[in-house]
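K.L.:
For reference, the file structure-v5.txt (compact mmCIF, C-alpha atoms) is included below:
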```
# COMPACT_ATOMS: atom_id res chain seq x y z
CA MET A 1 -29.91 -9.44 -40.97
CA LEU A 2 -32.07 -7.31 -38.71
CA GLY A 3 -30.16 -4.07 -38.98
CA ALA A 4 -26.93 -2.22 -39.66
CA THR A 5 -25.44 0.12 -37.08
CA LYS A 6 -22.61 2.65 -37.02
CA ALA A 7 -21.34 5.39 -34.76
CA LEU A 8 -21.47 9.03 -35.78
CA ALA A 9 -20.36 12.15 -33.98
CA GLY A 10 -21.22 15.75 -34.82
CA THR A 11 -23.17 14.79 -37.95
CA LYS A 12 -26.62 16.10 -38.82
CA MET A 13 -29.35 13.52 -38.67
CA VAL A 14 -30.91 12.10 -41.81
CA THR A 15 -34.40 13.15 -42.93
CA ARG A 16 -37.31 11.05 -44.18
CA GLU A 17 -37.01 12.67 -47.62
CA GLU A 18 -33.32 11.70 -47.87
CA VAL A 19 -34.14 8.10 -47.00
CA LEU A 20 -36.84 7.90 -49.67
CA LYS A 21 -34.51 9.49 -52.23
CA ALA A 22 -31.87 6.83 -51.49
CA LEU A 23 -34.48 4.10 -51.92
CA GLU A 24 -35.38 5.51 -55.32
CA GLN A 25 -31.97 4.21 -56.42
CA VAL A 26 -32.75 0.63 -55.39
CA VAL A 27 -34.54 -1.16 -58.24
CA ASP A 28 -36.80 -4.15 -57.68
CA PRO A 29 -35.92 -6.69 -60.40
CA ALA A 30 -39.47 -8.08 -60.41
CA SER A 31 -41.15 -4.79 -61.37
CA GLY A 32 -38.28 -2.81 -62.86
CA LYS A 33 -39.23 0.09 -60.59
CA SER A 34 -37.50 1.47 -57.55
CA VAL A 35 -38.76 0.07 -54.25
CA ALA A 36 -40.02 3.56 -53.40
CA ALA A 37 -41.92 4.00 -56.66
CA ALA A 38 -43.36 0.48 -56.43
CA GLY A 39 -44.86 1.24 -53.00
CA MET A 40 -42.86 -1.48 -51.31
CA VAL A 41 -41.67 0.68 -48.40
CA GLU A 42 -44.03 0.35 -45.42
CA GLY A 43 -43.99 1.79 -41.89
CA LEU A 44 -40.98 4.08 -42.42
CA VAL A 45 -39.69 5.45 -39.10
CA VAL A 46 -36.87 8.05 -38.99
CA LYS A 47 -35.89 9.21 -35.51
CA ASN A 48 -32.61 10.66 -34.26
CA GLY A 49 -30.59 8.96 -37.00
CA ASN A 50 -32.28 5.57 -36.57
CA VAL A 51 -34.17 4.35 -39.64
CA GLY A 52 -36.55 1.41 -39.79
CA PHE A 53 -39.11 0.14 -42.28
CA ALA A 54 -40.57 -3.00 -43.82
CA LEU A 55 -39.98 -4.05 -47.42
CA GLU A 56 -43.22 -5.59 -48.66
CA VAL A 57 -43.08 -8.25 -51.39
CA ALA A 58 -45.52 -10.74 -52.88
CA PRO A 59 -45.91 -13.92 -50.77
CA GLU A 60 -44.46 -16.17 -53.49
CA ARG A 61 -41.18 -14.25 -53.43
CA GLY A 62 -40.62 -15.01 -49.77
CA ARG A 63 -37.01 -15.17 -48.63
CA GLY A 64 -35.91 -14.95 -52.26
CA ALA A 65 -36.20 -11.18 -51.87
CA GLU A 66 -33.49 -11.14 -49.18
CA PRO A 67 -30.83 -9.65 -51.53
CA LEU A 68 -33.20 -6.76 -52.28
CA ARG A 69 -33.80 -6.21 -48.58
CA LYS A 70 -30.06 -6.11 -48.00
CA GLN A 71 -29.61 -3.59 -50.85
CA CYS A 72 -32.18 -1.31 -49.20
CA GLU A 73 -30.48 -1.59 -45.85
CA GLU A 74 -27.06 -0.84 -47.28
CA ALA A 75 -28.37 2.13 -49.29
CA VAL A 76 -29.90 3.71 -46.21
CA ALA A 77 -26.98 2.86 -43.91
CA ALA A 78 -24.61 4.66 -46.30
CA LEU A 79 -26.43 7.98 -45.90
CA PRO A 80 -24.72 10.66 -43.80
CA GLY A 81 -26.47 11.02 -40.47
CA VAL A 82 -27.75 7.44 -40.25
CA LEU A 83 -26.88 5.74 -36.97
CA SER A 84 -28.72 2.50 -37.66
CA ALA A 85 -30.74 1.00 -40.50
CA THR A 86 -33.29 -1.73 -39.83
CA VAL A 87 -35.15 -3.28 -42.75
CA VAL A 88 -37.44 -6.27 -42.32
CA LEU A 89 -38.89 -8.37 -45.13
CA THR A 90 -42.63 -8.98 -45.12
CA ALA A 91 -45.09 -10.60 -47.51
CA HIS A 92 -48.60 -9.19 -47.86
CA GLN A 93 -51.27 -11.90 -47.90
CA GLY A 94 -54.02 -9.65 -49.21
CA LYS A 95 -56.63 -10.65 -46.61
CA ALA A 96 -56.99 -11.06 -42.88
CA PRO A 97 -55.82 -14.45 -41.59
CA ASP A 98 -58.39 -16.98 -40.53
CA THR A 99 -58.36 -18.84 -37.25
CA PRO A 100 -55.23 -21.01 -37.02
CA ARG A 101 -55.39 -24.69 -36.43
CA VAL A 102 -52.63 -27.00 -35.27
CA ALA A 103 -51.27 -29.81 -37.40
CA ALA A 104 -48.82 -32.47 -36.38
CA ALA A 105 -46.11 -31.82 -38.98
CA PRO A 106 -42.62 -31.00 -37.62
CA GLN A 107 -41.17 -27.50 -37.65
CA PRO A 108 -37.67 -26.00 -37.93
CA SER A 109 -35.22 -27.17 -35.30
CA GLY A 110 -34.99 -23.81 -33.53
CA VAL A 111 -32.31 -21.18 -33.02
CA ALA A 112 -28.76 -22.29 -33.75
CA GLY A 113 -26.74 -22.91 -30.60
CA VAL A 114 -29.71 -22.49 -28.24
CA GLU A 115 -30.67 -25.59 -26.29
CA SER A 116 -34.05 -24.47 -24.90
CA ILE A 117 -36.44 -21.57 -25.52
CA ILE A 118 -39.12 -20.52 -23.04
CA ALA A 119 -41.77 -17.80 -23.28
CA VAL A 120 -42.76 -15.47 -20.44
CA ALA A 121 -46.30 -14.35 -21.25
CA SER A 122 -49.46 -12.78 -19.88
CA GLY A 123 -52.99 -12.37 -21.08
CA LYS A 124 -52.92 -8.61 -20.54
CA GLY A 125 -50.52 -5.74 -19.95
CA GLY A 126 -49.68 -4.11 -16.64
CA VAL A 127 -49.04 -7.27 -14.65
CA GLY A 128 -45.24 -6.88 -14.48
CA LYS A 129 -44.43 -9.58 -17.00
CA SER A 130 -41.27 -7.93 -18.34
CA THR A 131 -39.91 -7.36 -14.83
CA VAL A 132 -40.49 -11.04 -14.09
CA ALA A 133 -38.82 -12.05 -17.38
CA VAL A 134 -35.70 -9.96 -16.70
CA ASN A 135 -35.28 -11.17 -13.13
CA LEU A 136 -36.01 -14.77 -14.16
CA ALA A 137 -33.33 -14.62 -16.86
CA ILE A 138 -30.74 -13.22 -14.44
CA GLY A 139 -31.80 -15.76 -11.81
CA LEU A 140 -31.25 -18.62 -14.26
CA SER A 141 -27.86 -17.15 -15.15
CA GLN A 142 -26.84 -16.99 -11.50
CA ALA A 143 -27.83 -20.66 -11.25
CA GLY A 144 -25.03 -21.41 -13.71
CA LEU A 145 -26.87 -21.47 -17.04
CA LYS A 146 -25.89 -19.58 -20.21
CA VAL A 147 -28.94 -17.35 -20.72
CA GLY A 148 -30.28 -15.02 -23.39
CA LEU A 149 -33.24 -12.63 -23.17
CA LEU A 150 -35.22 -11.69 -26.28
CA ASP A 151 -37.59 -8.74 -25.95
CA ALA A 152 -40.39 -9.78 -28.33
CA ASP A 153 -42.64 -6.82 -27.57
CA ILE A 154 -42.12 -4.83 -30.77
CA TYR A 155 -44.68 -2.16 -29.92
CA GLY A 156 -43.65 -1.62 -26.30
CA PRO A 157 -40.10 -2.90 -25.64
CA SER A 158 -39.20 -2.74 -21.94
CA VAL A 159 -35.82 -4.46 -21.75
CA PRO A 160 -33.73 -1.37 -22.71
CA ARG A 161 -35.11 0.51 -19.71
CA LEU A 162 -35.12 -2.47 -17.32
CA LEU A 163 -31.44 -3.14 -18.05
CA ALA A 164 -30.41 0.50 -18.66
CA ILE A 165 -29.02 -0.37 -22.12
CA ARG A 166 -28.59 2.62 -24.43
CA GLU A 167 -25.91 1.48 -26.87
CA LYS A 168 -26.55 -0.10 -30.25
CA PRO A 169 -25.69 -3.75 -30.95
CA GLY A 170 -22.60 -4.47 -33.02
CA GLN A 171 -22.10 -6.95 -35.84
CA ALA A 172 -20.31 -10.28 -35.89
CA ALA A 173 -18.02 -11.42 -38.69
CA ASN A 174 -20.92 -13.42 -40.17
CA HIS A 175 -22.98 -10.19 -40.37
CA LYS A 176 -25.32 -11.24 -37.59
CA LEU A 177 -26.10 -8.77 -34.82
CA LEU A 178 -24.25 -9.23 -31.56
CA PRO A 179 -26.54 -9.34 -28.54
CA ILE A 180 -25.68 -6.89 -25.77
CA GLU A 181 -24.40 -8.57 -22.62
CA LYS A 182 -25.30 -7.28 -19.16
CA PHE A 183 -25.72 -8.87 -15.72
CA GLY A 184 -24.43 -12.15 -17.16
CA ILE A 185 -27.09 -12.53 -19.89
CA LYS A 186 -27.22 -11.82 -23.63
CA THR A 187 -30.06 -9.53 -24.70
CA MET A 188 -31.69 -8.22 -27.87
CA SER A 189 -34.59 -5.82 -28.33
CA ILE A 190 -36.01 -3.69 -31.14
CA GLY A 191 -35.65 -0.94 -28.53
CA PHE A 192 -31.86 -1.11 -28.98
CA LEU A 193 -32.28 -0.01 -32.59
CA VAL A 194 -34.79 2.84 -32.30
CA ASP A 195 -35.27 5.80 -30.00
CA GLU A 196 -37.22 5.10 -26.80
CA ASP A 197 -40.01 7.52 -27.78
CA THR A 198 -40.34 6.30 -31.36
CA PRO A 199 -43.59 4.38 -31.97
CA MET A 200 -43.32 1.21 -34.09
CA ILE A 201 -46.27 1.74 -36.45
CA TRP A 202 -46.02 -1.67 -38.08
CA ARG A 203 -48.63 -4.12 -39.28
CA GLY A 204 -48.72 -7.75 -38.16
CA PRO A 205 -46.56 -9.19 -40.99
CA MET A 206 -43.82 -6.64 -40.24
CA VAL A 207 -43.81 -7.70 -36.59
CA GLN A 208 -43.61 -11.36 -37.60
CA SER A 209 -40.64 -10.68 -39.85
CA ALA A 210 -38.82 -8.65 -37.19
CA LEU A 211 -39.31 -11.38 -34.59
CA THR A 212 -38.05 -14.07 -36.95
CA GLN A 213 -34.93 -12.04 -37.69
CA MET A 214 -34.28 -11.29 -34.01
CA MET A 215 -34.30 -15.02 -33.39
CA ASN A 216 -32.31 -16.16 -36.41
CA ASP A 217 -30.11 -13.18 -37.35
CA VAL A 218 -28.63 -12.60 -33.90
CA SER A 219 -25.49 -14.38 -32.71
CA TRP A 220 -27.05 -16.05 -29.64
CA SER A 221 -24.89 -19.17 -29.50
CA PRO A 222 -24.06 -20.78 -27.16
CA LEU A 223 -27.05 -20.66 -24.80
CA ASP A 224 -28.63 -23.14 -22.44
CA VAL A 225 -31.88 -21.19 -22.49
CA LEU A 226 -33.35 -18.22 -24.36
CA VAL A 227 -36.04 -16.41 -22.35
CA VAL A 228 -38.54 -14.65 -24.62
CA ASP A 229 -40.37 -11.70 -23.06
CA MET A 230 -43.62 -11.86 -25.03
CA PRO A 231 -45.98 -8.95 -25.66
CA PRO A 232 -49.28 -9.17 -23.77
CA GLY A 233 -52.25 -10.91 -25.34
CA THR A 234 -52.72 -13.84 -27.71
CA GLY A 235 -51.83 -12.52 -31.16
CA ASP A 236 -49.28 -12.51 -33.97
CA ALA A 237 -46.14 -12.55 -31.83
CA GLN A 238 -47.17 -15.62 -29.86
CA LEU A 239 -48.18 -17.52 -32.99
CA THR A 240 -45.04 -16.50 -34.89
CA ILE A 241 -42.67 -17.63 -32.16
CA ALA A 242 -44.57 -20.88 -31.54
CA GLN A 243 -44.46 -21.62 -35.27
CA ARG A 244 -40.80 -20.74 -35.80
CA VAL A 245 -39.15 -22.50 -32.85
CA PRO A 246 -39.81 -25.48 -30.57
CA LEU A 247 -40.76 -23.79 -27.30
CA LYS A 248 -39.84 -25.71 -24.19
CA GLY A 249 -42.84 -24.12 -22.51
CA ALA A 250 -44.47 -20.92 -21.30
CA VAL A 251 -44.44 -19.14 -17.95
CA ILE A 252 -47.69 -17.23 -17.39
CA VAL A 253 -47.58 -14.08 -15.23
CA SER A 254 -50.69 -12.67 -13.57
CA THR A 255 -51.69 -10.49 -10.65
CA PRO A 256 -54.14 -12.00 -8.12
CA GLN A 257 -57.33 -10.16 -9.08
CA ASP A 258 -60.08 -11.79 -11.14
CA LEU A 259 -59.78 -9.37 -14.09
CA ALA A 260 -56.14 -10.33 -14.69
CA LEU A 261 -56.81 -14.02 -14.13
CA ILE A 262 -59.50 -14.07 -16.84
CA ASP A 263 -56.85 -13.02 -19.37
CA ALA A 264 -54.26 -15.34 -17.86
CA ARG A 265 -56.61 -18.27 -18.49
CA LYS A 266 -56.95 -17.14 -22.11
CA ALA A 267 -53.15 -17.14 -22.45
CA ILE A 268 -52.99 -20.66 -21.01
CA ALA A 269 -55.70 -21.85 -23.40
CA MET A 270 -53.90 -20.26 -26.35
CA PHE A 271 -50.61 -22.01 -25.58
CA GLU A 272 -52.40 -25.30 -25.01
CA LYS A 273 -54.14 -24.96 -28.38
CA ILE A 274 -50.81 -24.55 -30.16
CA LYS A 275 -49.32 -27.44 -28.16
CA VAL A 276 -46.88 -25.44 -26.04
CA PRO A 277 -46.50 -26.82 -22.49
CA ILE A 278 -47.34 -24.53 -19.57
CA LEU A 279 -44.36 -24.49 -17.21
CA GLY A 280 -46.45 -22.76 -14.58
CA LEU A 281 -48.01 -19.57 -13.24
CA VAL A 282 -46.38 -16.73 -11.31
CA GLU A 283 -48.49 -14.51 -9.06
CA ASN A 284 -46.93 -11.05 -9.32
CA MET A 285 -47.79 -8.21 -6.92
CA SER A 286 -49.07 -10.93 -4.63
CA VAL A 287 -48.82 -8.98 -1.39
CA TYR A 288 -48.03 -5.34 -0.60
CA VAL A 289 -45.35 -4.95 2.06
CA CYS A 290 -45.21 -1.60 3.85
CA PRO A 291 -41.63 -0.26 3.65
CA ASN A 292 -41.94 1.38 7.08
CA CYS A 293 -43.53 -1.23 9.34
CA GLY A 294 -43.42 -4.39 7.22
CA HIS A 295 -47.21 -4.87 7.41
CA GLU A 296 -48.60 -7.06 4.63
CA SER A 297 -51.77 -6.17 2.74
CA HIS A 298 -53.39 -8.09 -0.12
CA ILE A 299 -54.60 -5.06 -2.05
CA PHE A 300 -55.15 -7.05 -5.28
CA GLY A 301 -56.45 -10.12 -3.50
CA HIS A 302 -54.32 -13.18 -2.87
CA GLY A 303 -53.97 -16.75 -4.08
CA GLY A 304 -55.85 -16.28 -7.34
CA ALA A 305 -52.99 -17.48 -9.53
CA ARG A 306 -52.36 -20.50 -7.31
CA ALA A 307 -56.05 -21.44 -7.46
CA THR A 308 -56.10 -20.95 -11.24
CA ALA A 309 -53.02 -23.16 -11.64
CA THR A 310 -54.64 -25.90 -9.58
CA ARG A 311 -57.91 -25.68 -11.51
CA MET A 312 -56.15 -25.82 -14.89
CA GLY A 313 -53.68 -28.55 -13.96
CA ALA A 314 -50.61 -26.31 -14.18
CA ALA A 315 -47.72 -25.83 -11.77
CA PHE A 316 -47.64 -22.83 -9.46
CA LEU A 317 -44.15 -21.32 -9.61
CA GLY A 318 -44.33 -18.75 -6.81
CA GLU A 319 -45.44 -15.37 -5.50
CA ILE A 320 -43.64 -12.08 -6.08
CA PRO A 321 -44.40 -9.34 -3.51
CA LEU A 322 -45.41 -5.78 -4.36
CA VAL A 323 -42.58 -3.72 -2.88
CA GLY A 324 -41.16 -0.36 -3.86
CA THR A 325 -37.65 -1.77 -4.15
CA ILE A 326 -38.55 -3.85 -7.22
CA ARG A 327 -40.08 -0.86 -8.99
CA GLU A 328 -37.25 1.50 -8.07
CA MET A 329 -34.51 -0.88 -9.17
CA SER A 330 -36.37 -1.76 -12.36
CA ASP A 331 -36.75 1.89 -13.33
CA ALA A 332 -33.05 2.42 -12.63
CA GLY A 333 -32.06 -0.51 -14.84
CA THR A 334 -30.61 -2.50 -11.94
CA PRO A 335 -32.86 -5.56 -11.46
CA VAL A 336 -33.30 -6.62 -7.86
CA VAL A 337 -31.94 -10.13 -8.50
CA ALA A 338 -28.64 -8.59 -9.65
CA GLN A 339 -28.53 -5.61 -7.30
CA ALA A 340 -29.85 -7.09 -4.05
CA PRO A 341 -29.67 -10.89 -4.36
CA GLU A 342 -29.98 -11.42 -0.59
CA SER A 343 -33.26 -9.49 -0.29
CA ALA A 344 -36.57 -11.26 0.31
CA GLU A 345 -37.95 -10.09 -3.03
CA ALA A 346 -34.89 -11.37 -4.93
CA LYS A 347 -35.23 -14.73 -3.21
CA ALA A 348 -38.82 -14.91 -4.46
CA TYR A 349 -37.53 -14.60 -8.03
CA PHE A 350 -34.82 -17.16 -7.35
CA ARG A 351 -37.48 -19.67 -6.24
CA VAL A 352 -39.30 -19.15 -9.54
CA ALA A 353 -36.02 -19.57 -11.45
CA GLU A 354 -35.31 -22.78 -9.57
CA GLU A 355 -38.67 -24.25 -10.57
CA VAL A 356 -38.18 -23.21 -14.21
CA ALA A 357 -34.66 -24.69 -14.26
CA LYS A 358 -36.13 -28.04 -13.23
CA SER A 359 -38.51 -27.91 -16.21
CA LEU A 360 -35.61 -27.36 -18.60
CA LYS A 361 -34.38 -30.88 -17.90
CA ALA A 362 -37.52 -32.44 -19.38
CA PRO A 363 -37.51 -33.70 -23.01
CA LEU A 364 -37.92 -30.95 -25.60
CA HIS A 365 -41.42 -30.51 -27.03
CA ALA A 366 -41.59 -30.19 -30.81
CA ALA A 367 -42.92 -26.94 -32.24
CA PRO A 368 -46.43 -27.06 -33.70
CA ARG A 369 -47.15 -26.42 -37.33
CA ILE A 370 -49.66 -23.58 -37.60
CA VAL A 371 -51.55 -23.43 -40.87
CA LEU A 372 -54.39 -21.21 -42.10
CA GLU A 373 -57.65 -22.51 -43.50
```
Now, as a test, write the supplied structure out as structure tokens.
P.N.:
Amino acid sequence: MLGATKALAGTKMVTREEVLKALEQVVDPASGKSVAAAGMVEGLVVKNGNVGFALEVAPERGRGAEPLRKQCEEAVAALPGVLSATVVLTAHQGKAPDTPRVAAAPQPSGVAGVESIIAVASGKGGVGKSTVAVNLAIGLSQAGLKVGLLDADIYGPSVPRLLAIREKPGQAANHKLLPIEKFGIKTMSIGFLVDEDTPMIWRGPMVQSALTQMMNDVSWSPLDVLVVDMPPGTGDAQLTIAQRVPLKGAVIVSTPQDLALIDARKAIAMFEKIKVPILGLVENMSVYVCPNCGHESHIFGHGGARATATRMGAAFLGEIPLVGTIREMSDAGTPVVAQAPESAEAKAYFRVAEEVAKSLKAPLHAAPRIVLE
């Protein structure tokens, strides 16, 4: 399970020293030492009563160390002043991973109760990918689908702010976390479990473990589609998700200028290498519309994403304008698709959602097996 949460009122917050003292009472059966003394506690974050860290074990122990992880989580959660305890299990490989290659062997069947999983990705940050992911998810929901939204950006989660979610997730009877529901979609983010200003100083294996648990230890079912808001780039998160679940495909978000399109092409090439279909490209911030006179100006250029899609044999899903309304509503946690569905900018998102919904009807593509050589 990803984390344990509880509500406290008028209680002093826990300190880092108190957390480590509690972990001195949890003994690792493999070494006979406490997890603290054995140096197994990595990336400890204590902020405003929210505690998170990774429990590092030898690779051969794998998921067999799950009972120990749970002991650590329960020990910390029991401390006075702890609002939430999040412990992820990670195995240290001892060396940097080599370049992955793709093999044809089948992978796990996916997330229980979720029919399709799609990734919303970009080659670089700052292109408005998360805003597109949130409005796409709500647009699919308003089209009649049961939709979930997973914020997979561990280092810079945006969904809590974009949806104005400040509460902690609860727990189901089976001890899985309950996703928070808003605007007709189910959502989960590491940002629900830690303070907004708390940096996640975690290494790659910790991120991989957290992502796996947010997919498998959250009560998503039933969903027609799970939209995964990926972090920017072509790194651990993308490979982890592609390896763990059979992605239906990826939506690539880019702005029109050449600099962004260079990285968008890298993202497309990465997904193609790991055998994930490209559902299409979205050109965000396509045209600036003056709020006073309605004049249109292509301040970032125009048509670059459409041209890139044509050149790379991918679908072009649509253009999203650069208007102040989208930014203002996003900052307020009231996405334009939910707040102003009749507006021109909302209709642009709906057109993208319509194209993505058509892709969901295609046969499911099996997840690749990613191995290291």
K.L.:
Could you pull out every residue with an atom within 9 Å of (-46.8, -12.3, -26.7), file coordinates, counting only C-alpha atoms, and send them as a list in words?
P.N.:
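Answer for this query, in the requested form: Ala119, Val120, Ala121, Ser122, Gly123, Ala152, Asp153, Val228, Asp229, Met230, Pro231, Pro232, Gly233, Thr234, Gly235, Asp236, Ala237, Gln238, Leu239 and Ile241 of chain A.
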K.L.:
Counting only C-alpha atoms, select every polymer residue within 10 Å of (-44.7, -5.8, -53.4) as defined in the file's coordinates, and provide the selection as a ChimeraX atom specification.
P.N.:
/A:28,30-31,35,38-41,55-59,61,90-92
K.L.:
Using only C-alpha atoms, please write the residues we just selected to a file, as a PDB file, keeping the file's coordinate frame.
P.N.:
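Writing done, so here's out32.pdb:
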```pdb
ATOM      1  CA  ASP A  28     -36.800  -4.150 -57.680  1.00  0.00           C
ATOM      2  CA  ALA A  30     -39.470  -8.080 -60.410  1.00  0.00           C
ATOM      3  CA  SER A  31     -41.150  -4.790 -61.370  1.00  0.00           C
ATOM      4  CA  VAL A  35     -38.760   0.070 -54.250  1.00  0.00           C
ATOM      5  CA  ALA A  38     -43.360   0.480 -56.430  1.00  0.00           C
ATOM      6  CA  GLY A  39     -44.860   1.240 -53.000  1.00  0.00           C
ATOM      7  CA  MET A  40     -42.860  -1.480 -51.310  1.00  0.00           C
ATOM      8  CA  VAL A  41     -41.670   0.680 -48.400  1.00  0.00           C
ATOM      9  CA  LEU A  55     -39.980  -4.050 -47.420  1.00  0.00           C
ATOM     10  CA  GLU A  56     -43.220  -5.590 -48.660  1.00  0.00           C
ATOM     11  CA  VAL A  57     -43.080  -8.250 -51.390  1.00  0.00           C
ATOM     12  CA  ALA A  58     -45.520 -10.740 -52.880  1.00  0.00           C
ATOM     13  CA  PRO A  59     -45.910 -13.920 -50.770  1.00  0.00           C
ATOM     14  CA  ARG A  61     -41.180 -14.250 -53.430  1.00  0.00           C
ATOM     15  CA  THR A  90     -42.630  -8.980 -45.120  1.00  0.00           C
ATOM     16  CA  ALA A  91     -45.090 -10.600 -47.510  1.00  0.00           C
ATOM     17  CA  HIS A  92     -48.600  -9.190 -47.860  1.00  0.00           C
TER      18      HIS A  92
END
```
K.L.:
Could you state the separation of atom CA of A:Arg63 and atom CA of A:Val76 in Å, given to one decimal place?
P.N.:
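Computed distance, atom CA of A:Arg63 to atom CA of A:Val76, equals 20.3 Å.
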K.L.:
If you measure from atom CA of A:Phe300 to atom CA of A:Lys124, what distance in Å do you get, rounded to one decimal?
P.N.:
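Separation between atom CA of A:Phe300 and atom CA of A:Lys124: 15.5 Å.
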K.L.:
One number please: atom CA of A:Trp220 to atom CA of A:Thr240, in Å, one decimal.
P.N.:
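Pair atom CA of A:Trp220 / atom CA of A:Thr240 returns 18.7 Å.
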K.L.:
Excluding same-chain residues fewer than 2 positions from A:Ile326, what lies within 10 Å of it counting only C-alpha atoms, as a short mmCIF file (atom, residue, chain, number, x, y, z; two decimals) with C-alpha atoms, keeping the file's coordinate frame?
P.N.:
```cif
data_model
loop_
_atom_site.label_atom_id
_atom_site.label_comp_id
_atom_site.auth_asym_id
_atom_site.auth_seq_id
_atom_site.Cartn_x
_atom_site.Cartn_y
_atom_site.Cartn_z
CA THR A 131 -39.91 -7.36 -14.83
CA ASN A 135 -35.28 -11.17 -13.13
CA ILE A 320 -43.64 -12.08 -6.08
CA PRO A 321 -44.40 -9.34 -3.51
CA LEU A 322 -45.41 -5.78 -4.36
CA VAL A 323 -42.58 -3.72 -2.88
CA GLY A 324 -41.16 -0.36 -3.86
CA GLU A 328 -37.25 1.50 -8.07
CA MET A 329 -34.51 -0.88 -9.17
CA SER A 330 -36.37 -1.76 -12.36
CA ASP A 331 -36.75 1.89 -13.33
CA ALA A 332 -33.05 2.42 -12.63
CA THR A 334 -30.61 -2.50 -11.94
CA PRO A 335 -32.86 -5.56 -11.46
CA VAL A 336 -33.30 -6.62 -7.86
CA VAL A 337 -31.94 -10.13 -8.50
CA ALA A 340 -29.85 -7.09 -4.05
CA GLU A 345 -37.95 -10.09 -3.03
CA ALA A 346 -34.89 -11.37 -4.93
#
```
K.L.:
Given all atoms listed in the file as the basis, pick out the residue of A:Ala85, A:Ala348, A:Leu79, A:Ala137 nearest to A:Val225.
P.N.:
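Nearest to A:Val225: A:Ala137.
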K.L.:
Which residues of stretch 125-228 of chain A come within 9 Å of stretch 272-292 of chain A, and what is each one's closest atom pair and distance in Å (one decimal), counting all atoms listed in the file, sorted by chain and residue number, as a Markdown table?
P.N.:
```
| residue | atom | partner | partner_atom | distance |
| --- | --- | --- | --- | --- |
| A:Val127 | CA | A:Asn284 | CA | 6.9 |
| A:Gly128 | CA | A:Asn284 | CA | 6.8 |
| A:Lys129 | CA | A:Asn284 | CA | 8.2 |
| A:Val132 | CA | A:Asn284 | CA | 8.0 |
```
K.L.:
For stretch 116-136 of chain A versus stretch 174-189 of chain A, which residues have an atom no more than 12 Å away, and what is each residue's nearest atom pair and distance in Å rounded to one decimal, using all atoms listed in the file, chain-then-number order, as CSV?
P.N.:
```
residue,atom,partner,partner_atom,distance
A:Ala133,CA,A:Thr187,CA,11.7
A:Val134,CA,A:Ile185,CA,9.5
A:Asn135,CA,A:Phe183,CA,10.2
A:Leu136,CA,A:Ile185,CA,10.8
```
K.L.:
Compare A:Ala143, A:Leu259, A:Cys72, A:Ala353 by their minimum atom-to-atom distance to A:Ser34, counting only C-alpha atoms, and give me the closest one.
P.N.:
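Checking each of A:Ala143, A:Leu259, A:Cys72, A:Ala353 against A:Ser34, counting only C-alpha atoms, the winner is A:Cys72.
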K.L.:
Just checking: using all atoms listed in the file, which residue out of A:Ile299, A:Val194, A:Val51, A:Val245 ends up closest to A:Leu211?
P.N.:
A:Val245
